[in-house]
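Novice: See protein_8.txt below, with compact mmCIF, C-alpha atoms and all ligand atoms.
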```txt
# COMPACT_ATOMS: atom_id res chain seq x y z
CA MET A 1 75.61 97.17 100.61
CA THR A 2 77.29 98.24 103.84
CA THR A 3 76.75 97.04 107.39
CA THR A 4 76.97 98.42 110.94
CA PRO A 5 80.57 99.44 111.64
CA LEU A 6 82.61 97.19 113.93
CA SER A 7 85.00 98.65 116.47
CA ILE A 8 88.68 97.85 115.86
CA GLU A 9 88.62 95.60 118.95
CA GLU A 10 85.48 93.75 117.79
CA LEU A 11 86.98 93.02 114.40
CA GLY A 12 90.24 91.88 116.03
CA THR A 13 88.39 89.51 118.33
CA ARG A 14 86.35 88.02 115.48
CA ILE A 15 89.43 87.39 113.35
CA GLU A 16 91.25 85.85 116.30
CA GLN A 17 88.28 83.53 116.91
CA VAL A 18 88.42 82.39 113.27
CA PHE A 19 92.09 81.52 113.64
CA ALA A 20 91.62 79.83 117.02
CA HIS A 21 88.80 77.72 115.52
CA ALA A 22 91.22 76.76 112.72
CA GLY A 23 93.62 75.29 115.28
CA MET A 24 96.09 78.15 115.66
CA ASN A 25 97.57 78.58 119.14
CA PRO A 26 97.08 81.94 120.94
CA ALA A 27 100.49 83.34 119.86
CA GLN A 28 99.83 82.57 116.16
CA ALA A 29 96.13 83.50 116.14
CA GLY A 30 96.72 86.70 118.11
CA ALA A 31 99.65 87.94 116.03
CA MET A 32 97.89 87.23 112.70
CA ALA A 33 94.63 88.79 113.92
CA ARG A 34 96.50 91.94 114.99
CA VAL A 35 98.16 92.52 111.59
CA LEU A 36 95.04 91.76 109.52
CA THR A 37 92.91 93.99 111.77
CA ALA A 38 95.51 96.73 111.37
CA GLY A 39 95.20 96.31 107.57
CA GLU A 40 91.43 96.88 107.69
CA ARG A 41 91.81 99.70 110.23
CA ASP A 42 94.29 101.54 107.98
CA HIS A 43 92.24 100.88 104.80
CA CYS A 44 94.85 98.55 103.31
CA LYS A 45 92.31 96.11 101.88
CA SER A 46 94.88 93.90 100.16
CA HIS A 47 96.32 93.01 103.60
CA GLY A 48 93.16 92.93 105.69
CA ILE A 49 90.48 90.25 106.06
CA TYR A 50 91.07 89.28 102.43
CA ARG A 51 94.14 87.40 103.77
CA ILE A 52 92.11 85.18 106.14
CA GLU A 53 91.28 82.71 103.39
CA GLY A 54 94.93 82.32 102.33
CA THR A 55 95.94 81.89 105.96
CA LEU A 56 93.39 79.11 106.49
CA ARG A 57 94.26 77.44 103.19
CA THR A 58 97.95 77.40 104.14
CA VAL A 59 97.12 75.88 107.55
CA LYS A 60 94.88 73.27 105.93
CA ALA A 61 97.56 72.35 103.40
CA GLY A 62 99.97 71.68 106.27
CA LYS A 63 102.45 74.27 104.94
CA VAL A 64 102.50 76.32 108.16
CA ASN A 65 102.57 75.11 111.75
CA PRO A 66 99.51 76.59 113.50
CA GLN A 67 100.82 75.46 116.89
CA ALA A 68 104.34 76.85 116.45
CA VAL A 69 106.00 78.40 119.48
CA PRO A 70 108.85 80.60 118.18
CA VAL A 71 112.24 80.25 119.85
CA LEU A 72 114.56 83.17 120.53
CA ALA A 73 118.28 82.27 120.49
CA PRO A 74 120.28 83.30 123.59
CA ASP A 75 122.17 86.63 123.42
CA ASP A 76 125.61 85.80 121.98
CA GLY A 77 126.92 89.35 122.46
CA THR A 78 126.58 90.20 118.76
CA ALA A 79 124.13 92.47 116.95
CA LEU A 80 122.23 89.47 115.57
CA VAL A 81 118.91 88.60 117.22
CA ARG A 82 117.93 85.21 115.88
CA VAL A 83 114.42 83.86 116.17
CA ASP A 84 113.27 80.53 114.82
CA ALA A 85 109.60 80.74 113.85
CA GLN A 86 109.41 76.91 114.00
CA GLY A 87 107.38 76.87 110.80
CA GLY A 88 104.77 79.28 112.13
CA PHE A 89 103.80 82.77 110.97
CA ALA A 90 106.52 85.44 110.99
CA ASN A 91 104.39 87.83 113.02
CA ALA A 92 104.40 85.73 116.20
CA ALA A 93 108.20 85.36 115.96
CA PHE A 94 108.59 89.11 115.36
CA GLU A 95 106.49 89.99 118.41
CA LEU A 96 108.60 87.67 120.57
CA ALA A 97 111.97 89.07 119.42
CA LEU A 98 111.15 92.79 119.12
CA PRO A 99 112.08 93.82 122.71
CA GLU A 100 115.47 92.10 122.31
CA LEU A 101 116.06 93.78 118.92
CA ALA A 102 115.28 97.20 120.40
CA ALA A 103 117.48 96.63 123.45
CA ARG A 104 120.39 95.38 121.33
CA ALA A 105 120.09 98.28 118.80
CA LYS A 106 120.11 100.83 121.62
CA LYS A 107 123.13 99.21 123.23
CA LEU A 108 125.17 98.61 120.07
CA GLY A 109 123.89 101.39 117.78
CA MET A 110 122.38 98.88 115.37
CA ALA A 111 121.03 95.34 115.42
CA ALA A 112 119.39 92.87 113.07
CA MET A 113 116.56 90.44 113.71
CA VAL A 114 116.80 87.30 111.61
CA ILE A 115 113.60 85.29 111.43
CA ASN A 116 114.01 81.81 109.97
CA ASP A 117 111.48 79.19 108.90
CA CYS A 118 108.44 81.43 108.85
CA THR A 119 105.41 82.02 106.69
CA HIS A 120 104.80 85.67 105.76
CA LEU A 121 101.67 86.95 104.07
CA ALA A 122 101.16 90.24 105.85
CA ALA A 123 102.18 93.81 105.09
CA LEU A 124 105.55 94.90 106.51
CA TRP A 125 104.49 98.28 107.88
CA PRO A 126 103.12 96.87 111.17
CA GLU A 127 106.59 95.49 111.87
CA VAL A 128 108.55 98.55 110.78
CA GLU A 129 106.18 100.79 112.74
CA ALA A 130 106.66 98.67 115.84
CA VAL A 131 110.44 99.17 115.62
CA THR A 132 110.08 102.96 115.23
CA ALA A 133 107.92 102.98 118.38
CA HIS A 134 111.20 102.21 120.22
CA GLY A 135 112.79 105.40 118.80
CA LEU A 136 114.74 103.43 116.18
CA ALA A 137 114.97 103.72 112.40
CA ALA A 138 114.26 100.43 110.63
CA MET A 139 114.38 98.49 107.39
CA VAL A 140 112.42 95.29 106.83
CA MET A 141 112.53 92.94 103.86
CA CYS A 142 111.66 89.40 102.86
CA PRO A 143 111.44 87.27 99.71
CA SER A 144 108.12 85.87 98.51
CA TYR A 145 107.62 83.28 95.78
CA ALA A 146 108.81 83.44 92.18
CA THR A 147 106.16 85.49 90.37
CA VAL A 148 108.18 88.42 88.98
CA ALA A 149 110.38 88.40 85.87
CA PRO A 150 113.72 90.24 86.18
CA THR A 151 113.88 93.27 83.89
CA GLY A 152 114.75 92.05 80.40
CA GLY A 153 113.55 88.51 81.21
CA THR A 154 110.16 86.87 80.77
CA ASP A 155 109.89 84.11 83.39
CA PRO A 156 108.85 84.35 87.04
CA LEU A 157 112.02 84.23 89.16
CA LEU A 158 112.01 86.97 91.80
CA GLY A 159 109.33 87.42 94.44
CA THR A 160 107.19 90.51 94.91
CA ASN A 161 109.75 91.02 97.70
CA PRO A 162 108.39 93.76 99.96
CA PHE A 163 110.69 96.43 101.38
CA ALA A 164 109.80 98.82 104.19
CA PHE A 165 111.58 101.67 105.95
CA GLY A 166 110.68 103.63 109.05
CA TRP A 167 111.99 106.74 110.82
CA PRO A 168 110.74 107.61 114.32
CA ARG A 169 109.25 111.07 114.81
CA PRO A 170 109.19 111.95 118.52
CA ALA A 171 106.17 114.25 118.22
CA GLY A 172 103.93 112.26 115.89
CA ASP A 173 103.37 109.35 113.56
CA PRO A 174 106.59 107.88 112.14
CA TYR A 175 107.74 108.27 108.56
CA ILE A 176 107.04 104.85 107.01
CA PHE A 177 107.07 103.49 103.51
CA ASP A 178 106.32 99.92 102.59
CA PHE A 179 105.93 98.53 99.12
CA ALA A 180 106.33 95.47 96.97
CA THR A 181 109.33 95.65 94.65
CA SER A 182 107.04 94.38 91.92
CA VAL A 183 105.07 97.12 90.21
CA ALA A 184 102.16 96.24 92.54
CA ALA A 185 101.51 93.67 95.25
CA ARG A 186 100.20 90.36 93.85
CA GLY A 187 97.08 90.78 96.01
CA GLU A 188 96.24 93.83 93.88
CA VAL A 189 96.25 91.67 90.72
CA GLU A 190 93.95 89.19 92.45
CA LEU A 191 91.63 92.02 93.55
CA HIS A 192 91.49 93.25 89.92
CA ARG A 193 90.63 89.70 88.79
CA ARG A 194 87.82 89.40 91.33
CA ALA A 195 86.45 92.83 90.32
CA GLY A 196 86.68 91.93 86.60
CA LYS A 197 88.91 94.97 86.00
CA ALA A 198 91.82 95.26 83.56
CA LEU A 199 95.28 95.88 85.02
CA PRO A 200 97.12 99.10 84.26
CA GLU A 201 99.65 98.82 81.42
CA GLY A 202 103.15 97.77 82.47
CA TRP A 203 102.21 95.52 85.39
CA ALA A 204 102.61 92.09 83.85
CA LEU A 205 103.55 89.68 81.07
CA ASP A 206 101.49 86.68 79.94
CA LYS A 207 102.98 83.18 79.96
CA ASP A 208 104.48 83.74 76.51
CA GLY A 209 106.30 86.87 77.72
CA ASN A 210 103.96 89.40 76.04
CA PRO A 211 102.68 92.49 77.93
CA THR A 212 99.14 91.96 79.24
CA THR A 213 96.44 93.85 81.13
CA ASP A 214 94.36 90.70 81.75
CA PRO A 215 94.65 89.72 85.44
CA GLU A 216 94.11 85.99 84.64
CA ALA A 217 96.91 86.06 82.06
CA ALA A 218 99.11 88.01 84.47
CA LEU A 219 98.59 85.47 87.25
CA ALA A 220 99.53 82.70 84.82
CA GLY A 221 102.53 84.68 83.51
CA ALA A 222 104.84 87.05 85.38
CA MET A 223 104.57 90.38 87.12
CA LEU A 224 107.16 93.09 86.46
CA PRO A 225 109.46 94.84 88.94
CA PHE A 226 108.79 98.53 89.75
CA GLY A 227 111.14 101.05 88.17
CA GLY A 228 112.59 98.70 85.54
CA HIS A 229 116.19 97.63 86.18
CA LYS A 230 116.28 99.55 89.49
CA GLY A 231 113.42 97.59 91.08
CA SER A 232 114.82 94.40 89.58
CA ALA A 233 118.16 95.00 91.33
CA ILE A 234 116.56 95.92 94.68
CA SER A 235 114.44 92.78 94.50
CA THR A 236 117.57 90.72 93.79
CA MET A 237 119.27 92.35 96.80
CA ILE A 238 116.35 91.18 98.97
CA GLU A 239 116.79 87.60 97.70
CA LEU A 240 120.48 87.87 98.67
CA LEU A 241 120.13 89.53 102.09
CA ALA A 242 116.82 88.09 103.35
CA GLY A 243 117.14 84.71 101.65
CA ILE A 244 120.65 83.52 100.91
CA MET A 245 122.54 85.52 103.58
CA ILE A 246 120.28 84.33 106.40
CA GLY A 247 120.37 80.72 105.17
CA ASP A 248 116.75 80.63 104.17
CA LEU A 249 114.75 80.07 100.98
CA THR A 250 114.88 82.30 97.90
CA SER A 251 111.66 82.98 95.98
CA PRO A 252 112.19 80.18 93.36
CA GLU A 253 112.94 77.74 96.21
CA VAL A 254 109.77 78.84 98.02
CA LEU A 255 107.71 78.09 94.93
CA ASP A 256 109.35 74.66 94.62
CA TYR A 257 108.54 73.97 98.28
CA LEU A 258 104.90 75.12 98.03
CA GLY A 259 104.16 73.99 94.49
CA SER A 260 101.51 76.71 94.29
CA THR A 261 101.04 80.46 94.54
CA THR A 262 97.70 80.02 96.28
CA LEU A 263 99.37 79.31 99.63
CA ALA A 264 101.29 81.77 101.78
CA PRO A 265 105.06 81.72 101.20
CA ARG A 266 107.52 80.11 103.61
CA HIS A 267 110.97 81.73 103.92
CA GLY A 268 112.91 84.03 106.26
CA GLU A 269 112.77 87.73 107.07
CA LEU A 270 115.37 90.39 107.92
CA ILE A 271 114.67 93.37 110.17
CA LEU A 272 117.39 95.99 110.64
CA ALA A 273 117.20 98.54 113.47
CA PHE A 274 119.37 101.68 113.80
CA SER A 275 119.73 104.15 116.65
CA PRO A 276 119.80 107.64 115.06
CA GLU A 277 121.36 109.11 118.24
CA ALA A 278 124.20 106.59 118.14
CA PHE A 279 124.95 107.19 114.44
CA ALA A 280 124.77 111.01 114.77
CA LYS A 281 126.80 111.13 118.00
CA GLY A 282 129.46 113.85 117.96
CA ARG A 283 128.11 115.36 114.75
CA PRO A 284 126.36 118.72 114.58
CA GLY A 285 122.57 118.91 114.94
CA ASP A 286 119.88 116.72 116.43
CA PRO A 287 118.98 113.98 113.89
CA PHE A 288 115.28 114.05 114.81
CA ALA A 289 115.04 117.84 114.46
CA ARG A 290 116.92 117.71 111.14
CA ALA A 291 114.54 115.01 109.88
CA GLU A 292 111.58 117.24 110.72
CA THR A 293 113.12 120.03 108.61
CA LEU A 294 113.30 117.59 105.70
CA PHE A 295 109.70 116.37 106.18
CA ASP A 296 108.45 119.99 106.46
CA ALA A 297 110.17 120.81 103.17
CA ILE A 298 108.50 117.80 101.49
CA ILE A 299 105.04 118.69 102.79
CA GLY A 300 105.73 122.37 102.11
CA GLN A 301 105.83 121.59 98.38
CA GLY A 302 102.36 120.06 98.51
CA ALA A 303 103.69 116.49 98.48
CA ARG A 304 102.53 114.02 101.11
CA LEU A 305 104.58 111.69 103.23
CA PRO A 306 104.11 107.95 102.67
CA SER A 307 101.71 106.47 105.24
CA GLN A 308 99.90 109.80 105.82
CA ARG A 309 96.88 108.27 104.07
CA ARG A 310 97.10 105.28 106.39
CA PHE A 311 97.34 107.36 109.54
CA ARG A 312 94.31 109.39 108.45
CA ALA A 313 92.39 106.16 107.81
CA ARG A 314 93.46 104.89 111.23
CA ALA A 315 92.05 107.98 112.96
CA GLU A 316 88.83 107.59 110.97
CA SER A 317 88.51 103.92 112.00
CA ALA A 318 89.13 104.81 115.66
CA ALA A 319 86.38 107.43 115.51
CA GLU A 320 83.81 105.69 113.31
CA GLY A 321 84.68 102.00 113.41
CA ILE A 322 85.41 99.69 110.46
CA THR A 323 82.66 99.18 107.90
CA LEU A 324 82.74 95.89 106.01
CA SER A 325 80.50 95.02 103.07
CA ALA A 326 77.64 92.57 103.59
CA ASP A 327 79.62 90.00 101.56
CA GLU A 328 82.66 90.45 103.79
CA ILE A 329 80.57 90.03 106.96
CA ALA A 330 78.95 86.89 105.51
CA GLN A 331 82.39 85.51 104.66
CA LEU A 332 83.70 86.28 108.15
CA GLU A 333 80.71 84.50 109.69
CA ARG A 334 81.30 81.53 107.41
CA PHE A 335 84.94 81.32 108.51
CA GLN A 336 83.88 81.60 112.17
CA ARG A 337 81.33 78.81 111.73
CA LEU A 338 83.26 76.37 109.56
CA GLY A 339 86.93 76.97 110.42
CA LEU A 340 89.18 75.01 108.05
CA ASP A 341 86.12 73.41 106.39
CA ALA A 342 85.39 76.83 104.86
CA VAL A 343 88.39 76.57 102.52
P1 LIG B 401 101.56 100.85 97.54
O1 LIG B 401 102.03 101.20 96.19
O2 LIG B 401 100.12 100.81 97.79
O3 LIG B 401 102.17 101.86 98.62
C1 LIG B 401 103.53 101.95 98.84
C2 LIG B 401 103.88 103.03 99.87
O4 LIG B 401 103.89 104.27 99.19
C3 LIG B 401 102.96 103.16 101.06
O5 LIG B 401 103.75 103.44 102.18
C4 LIG B 401 102.09 104.36 100.65
O6 LIG B 401 101.58 105.11 101.74
C5 LIG B 401 103.09 105.21 99.88
N1 LIG B 401 102.45 106.08 98.89
C6 LIG B 401 101.50 105.74 97.97
N2 LIG B 401 101.18 106.83 97.23
C7 LIG B 401 101.95 107.86 97.69
C8 LIG B 401 102.08 109.23 97.34
N3 LIG B 401 101.36 109.77 96.36
N4 LIG B 401 102.96 109.99 98.02
C9 LIG B 401 103.70 109.45 99.02
N5 LIG B 401 103.61 108.16 99.40
C10 LIG B 401 102.76 107.38 98.75
O7 LIG B 401 102.26 99.47 97.99
P2 LIG B 401 102.31 98.05 97.25
O8 LIG B 401 101.03 97.81 96.53
O9 LIG B 401 103.57 97.92 96.51
O10 LIG B 401 102.39 97.07 98.52
C11 LIG B 401 101.26 96.91 99.36
C12 LIG B 401 101.61 96.06 100.54
O11 LIG B 401 101.86 94.73 100.14
C13 LIG B 401 102.81 96.47 101.38
O12 LIG B 401 102.33 96.71 102.68
C14 LIG B 401 103.74 95.27 101.35
O13 LIG B 401 104.41 94.99 102.56
C15 LIG B 401 102.78 94.16 101.05
N6 LIG B 401 103.43 92.98 100.45
C16 LIG B 401 103.66 91.88 101.23
C17 LIG B 401 104.26 90.75 100.70
C18 LIG B 401 104.55 89.55 101.56
O14 LIG B 401 104.98 88.53 101.05
N7 LIG B 401 104.39 89.59 102.85
C19 LIG B 401 104.64 90.68 99.29
C20 LIG B 401 104.42 91.92 98.58
C21 LIG B 401 103.81 93.01 99.15
P3 LIG B 401 100.00 105.05 102.09
O15 LIG B 401 99.74 103.67 102.61
O16 LIG B 401 99.80 106.12 103.12
O17 LIG B 401 99.25 105.33 100.81
```
Translate the structure of the given file into structure tokens.
Specialist:
Amino acid sequence: MTTTPLSIEELGTRIEQVFAHAGMNPAQAGAMARVLTAGERDHCKSHGIYRIEGTLRTVKAGKVNPQAVPVLAPDDGTALVRVDAQGGFANAAFELALPELAARAKKLGMAAMVINDCTHLAALWPEVEAVTAHGLAAMVMCPSYATVAPTGGTDPLLGTNPFAFGWPRPAGDPYIFDFATSVAARGEVELHRRAGKALPEGWALDKDGNPTTDPEAALAGAMLPFGGHKGSAISTMIELLAGIMIGDLTSPEVLDYLGSTTLAPRHGELILAFSPEAFAKGRPGDPFARAETLFDAIIGQGARLPSQRRFRARAESAAEGITLSADEIAQLERFQRLGLDAV
């Protein structure tokens, strides 16, 4: 059963009220409400209101600081923009440090934002898109918790480690891709479990290391990386760059710290920003125009660009609002009424 559509703003306000009622300060509640609303708006259900429950559970368990005020380190003249999330959600820290990242990347040609001591349970595309809005190309990555077996292994070790890339397009929506380096995001396995649906072949192993399509068995066992050894290596790179290199937790360490995969993971995050003009300086051709030639050739073959589906969904939500199911509305009302007592 469906319900009356909510405007994007109405949904955002309701989610923010839930988080405020749960004791999150305005920076934390606002930043989390914005990314989860964006998930619903762009029809990314695995990173929309479905994440409210996990957010509240993590607050209730005391594994994230709902009152955190992120701290931006002073400019030390380098390309590193350091922000300490103070144990809060990554999104509030990202919002604080983004203008400095953009300014530094434009000045130096490239810059990196290092977020430490944060909890991250959102999609990465809102962050990568926000960097491209400054006319910069971007890469974003972070570990997760150990739920993925390396290719050839059987035990959870790597995280689902998301990786996103963005390229700014002056005349339209940016080119963005954003995916888990596991064969699918763990939220997708959970959504299959709730719907009583079998997983596609090749997503997971059970706890004895045998291939399984049973979501329960997969959640108790290990997921697999995408693309075999290639995804396994990219995921390992993310542990190295966005965990070890920035002095923060790797996915096995996150799991040790949390003791559970039902809470949102605490670790660090790495955001790289590049100025295409600075890199292409003195070389023939305008990088933005050349990129358009490439995109035209992709679309010209009948292929679509990543995120085109999302941008279409976004336009639809702006025109028609966001329709939630009756169950989802009831759940939202429950969260609004009960706050942390709802979880
Ligand atoms: P998907 O496989 O759903 O999508 C990956 C990307 O590929 C999207 O940009 C998508 O664009 C694009 N895409 C899909 N199909 C096509 C196609 N046919 N042609 C061109 N492009 C295509 O992603 P995942 O399930 O792996 O990940 C989902 C989300 O989970 C991500 O946003 C990720 O950040 C998040 N995540 C977060 C974690 C965390 O700890 N914070 C951990 C793991 C994942 P489009 O959207 O337009 O379809």
Novice: Might you pull out every residue within 8 Å of region 6-13 of chain A, with only C-alpha atoms counted and same-chain residues fewer than 5 positions away left off, and present them as a list in words?
Specialist: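 Near neighbours after the sequence-gap exclusion: Ala33, Arg34, Thr37, Arg41, Ser317, Ala318, Glu320, Gly321, Ile322 and Thr323 of chain A.
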Novice: Keeping only C-alpha atoms, write the selected residues to a file as a PDB file, in the coordinates of the input.
Specialist:
```
ATOM      1  CA  ALA A  33      94.630  88.790 113.920  1.00  0.00           C
ATOM      2  CA  ARG A  34      96.500  91.940 114.990  1.00  0.00           C
ATOM      3  CA  THR A  37      92.910  93.990 111.770  1.00  0.00           C
ATOM      4  CA  ARG A  41      91.810  99.700 110.230  1.00  0.00           C
ATOM      5  CA  SER A 317      88.510 103.920 112.000  1.00  0.00           C
ATOM      6  CA  ALA A 318      89.130 104.810 115.660  1.00  0.00           C
ATOM      7  CA  GLU A 320      83.810 105.690 113.310  1.00  0.00           C
ATOM      8  CA  GLY A 321      84.680 102.000 113.410  1.00  0.00           C
ATOM      9  CA  ILE A 322      85.410  99.690 110.460  1.00  0.00           C
ATOM     10  CA  THR A 323      82.660  99.180 107.900  1.00  0.00           C
TER      11      THR A 323
END
```
Novice: Would you mind listing the residues within 9 Å of ligand LIG 401 (chain B), counting all atoms listed in the file, as a PyMOL selection string?
Specialist: chain A and resi 39+42-44+46-47+119-126+141-145+159-165+175-188+226+264-265+303-313
Novice: Using Å and a single decimal, report how far CA of Ala138 (chain A) sits from CA of Leu108 (chain A).
Specialist: 14.5 Å
Novice: Please measure the separation of CA of Gln331 (chain A) and CA of Val59 (chain A), giving the value in Å to one decimal.
Specialist: 17.8 Å
Novice: So how many Å separate CA of Asp117 (chain A) and CA of Val254 (chain A), to one decimal?
Specialist: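 We find that CA of Asp117 (chain A) and CA of Val254 (chain A) lie 11.0 Å from each other.
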Novice: Please list as JSON, numbers by chain every residue within 10 Å of Lys107 (chain A), counting only C-alpha atoms and excluding residues in the same chain fewer than 5 positions away.
Specialist: {"A": [79, 101, 102, 275, 278]}
Novice: Please produce an output containing C-alpha atoms for each residue in the selection, written as a short mmCIF file (atom, residue, chain, number, x, y, z; two decimals), in the coordinates of the input.
Specialist:
```cif
data_model
loop_
_atom_site.label_atom_id
_atom_site.label_comp_id
_atom_site.auth_asym_id
_atom_site.auth_seq_id
_atom_site.Cartn_x
_atom_site.Cartn_y
_atom_site.Cartn_z
CA ALA A 79 124.13 92.47 116.95
CA LEU A 101 116.06 93.78 118.92
CA ALA A 102 115.28 97.20 120.40
CA SER A 275 119.73 104.15 116.65
CA ALA A 278 124.20 106.59 118.14
#
```
Novice: Residues at most 8 Å from Val148 (chain A), counting all atoms listed in the file, excluding those fewer than 3 positions away in the same chain, as a list in words?
Specialist: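 The residues satisfying every condition are Asp155, Pro156, Leu157, Leu158, Gly159, Thr160, Ser182, Ala222, Met223, Leu224 and Pro225 of chain A.
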Novice: Excluding Gly339 (chain A) and any residue of its chain fewer than 6 positions from it, enumerate the residues within 12 Å of it, using all atoms listed in the file, and give them as number ranges by chain.
Specialist: A: 15-24, 52-53, 55-57, 59-60, 331-333
Novice: Residues proximal to (111.4, 103.0, 116.2) were defined as those with any atom within 9 Å of that point in the file's coordinates, counting all atoms listed in the file. Which are they, as a ChimeraX atom specification?
Specialist: /A:102,128-138,166-169,174,273-275
Novice: Name the residues in contact with Ala195 (chain A) at a cut-off of 12 Å, using all atoms listed in the file, excluding same-chain residues fewer than 6 positions from it; report them as a PyMOL selection string.
Specialist: chain A and resi 188-189+214-216
Novice: In terms of the shortest atom-to-atom distance over all atoms listed in the file, which of A:Lys281, A:Arg51, A:His267, A:Arg314 is closest to Lys63 (chain A)?
Specialist: A:His267
Novice: For each of A:Gly209, A:Leu324, A:Asp296, A:Ile115, take the minimum atom-to-atom distance to Leu249 (chain A), counting only C-alpha atoms, then give the residue where this is smallest.
Specialist: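 Checking each of A:Gly209, A:Leu324, A:Asp296, A:Ile115 against Leu249 (chain A), counting only C-alpha atoms, the winner is A:Ile115.
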Novice: Could you model N, CA, C and O atoms for region 247-262 of chain A and present them as a CSV table (one decimal), in the frame of the given file?
Specialist:
```
chain,number,residue,atom,x,y,z
A,247,GLY,N,120.5,82.2,105.3
A,247,GLY,CA,120.4,80.7,105.2
A,247,GLY,C,118.9,80.2,105.0
A,247,GLY,O,118.6,79.2,105.5
A,248,ASP,N,118.2,81.0,104.3
A,248,ASP,CA,116.8,80.6,104.2
A,248,ASP,C,116.4,80.6,102.7
A,248,ASP,O,117.3,80.8,101.8
A,249,LEU,N,115.1,80.3,102.4
A,249,LEU,CA,114.8,80.1,101.0
A,249,LEU,C,114.7,81.3,100.1
A,249,LEU,O,114.3,82.4,100.6
A,250,THR,N,115.1,81.2,98.9
A,250,THR,CA,114.9,82.3,97.9
A,250,THR,C,113.5,82.1,97.3
A,250,THR,O,112.9,81.0,97.4
A,251,SER,N,113.0,83.1,96.5
A,251,SER,CA,111.7,83.0,96.0
A,251,SER,C,111.5,81.8,95.1
A,251,SER,O,110.4,81.1,95.2
A,252,PRO,N,112.4,81.4,94.2
A,252,PRO,CA,112.2,80.2,93.4
A,252,PRO,C,112.1,78.9,94.2
A,252,PRO,O,111.3,78.0,94.0
A,253,GLU,N,113.0,78.9,95.3
A,253,GLU,CA,112.9,77.7,96.2
A,253,GLU,C,111.6,77.7,97.0
A,253,GLU,O,111.1,76.6,97.2
A,254,VAL,N,111.1,78.8,97.3
A,254,VAL,CA,109.8,78.8,98.0
A,254,VAL,C,108.7,78.2,97.1
A,254,VAL,O,107.9,77.4,97.6
A,255,LEU,N,108.7,78.6,95.9
A,255,LEU,CA,107.7,78.1,94.9
A,255,LEU,C,107.9,76.6,94.8
A,255,LEU,O,106.9,75.8,94.7
A,256,ASP,N,109.1,76.1,94.7
A,256,ASP,CA,109.4,74.7,94.6
A,256,ASP,C,108.8,74.0,95.9
A,256,ASP,O,108.1,72.9,95.8
A,257,TYR,N,109.0,74.6,97.0
A,257,TYR,CA,108.5,74.0,98.3
A,257,TYR,C,107.0,73.9,98.3
A,257,TYR,O,106.4,72.9,98.7
A,258,LEU,N,106.4,75.0,97.9
A,258,LEU,CA,104.9,75.1,98.0
A,258,LEU,C,104.2,74.4,96.9
A,258,LEU,O,103.1,73.9,97.0
A,259,GLY,N,104.8,74.5,95.7
A,259,GLY,CA,104.2,74.0,94.5
A,259,GLY,C,102.9,74.8,94.1
A,259,GLY,O,102.1,74.3,93.2
A,260,SER,N,102.7,75.9,94.6
A,260,SER,CA,101.5,76.7,94.3
A,260,SER,C,101.7,78.1,94.8
A,260,SER,O,102.4,78.4,95.7
A,261,THR,N,101.0,79.1,94.1
A,261,THR,CA,101.0,80.5,94.5
A,261,THR,C,99.7,80.8,95.3
A,261,THR,O,99.5,81.9,95.6
A,262,THR,N,98.9,79.8,95.6
A,262,THR,CA,97.7,80.0,96.3
A,262,THR,C,97.9,79.9,97.8
A,262,THR,O,97.0,80.1,98.6
```
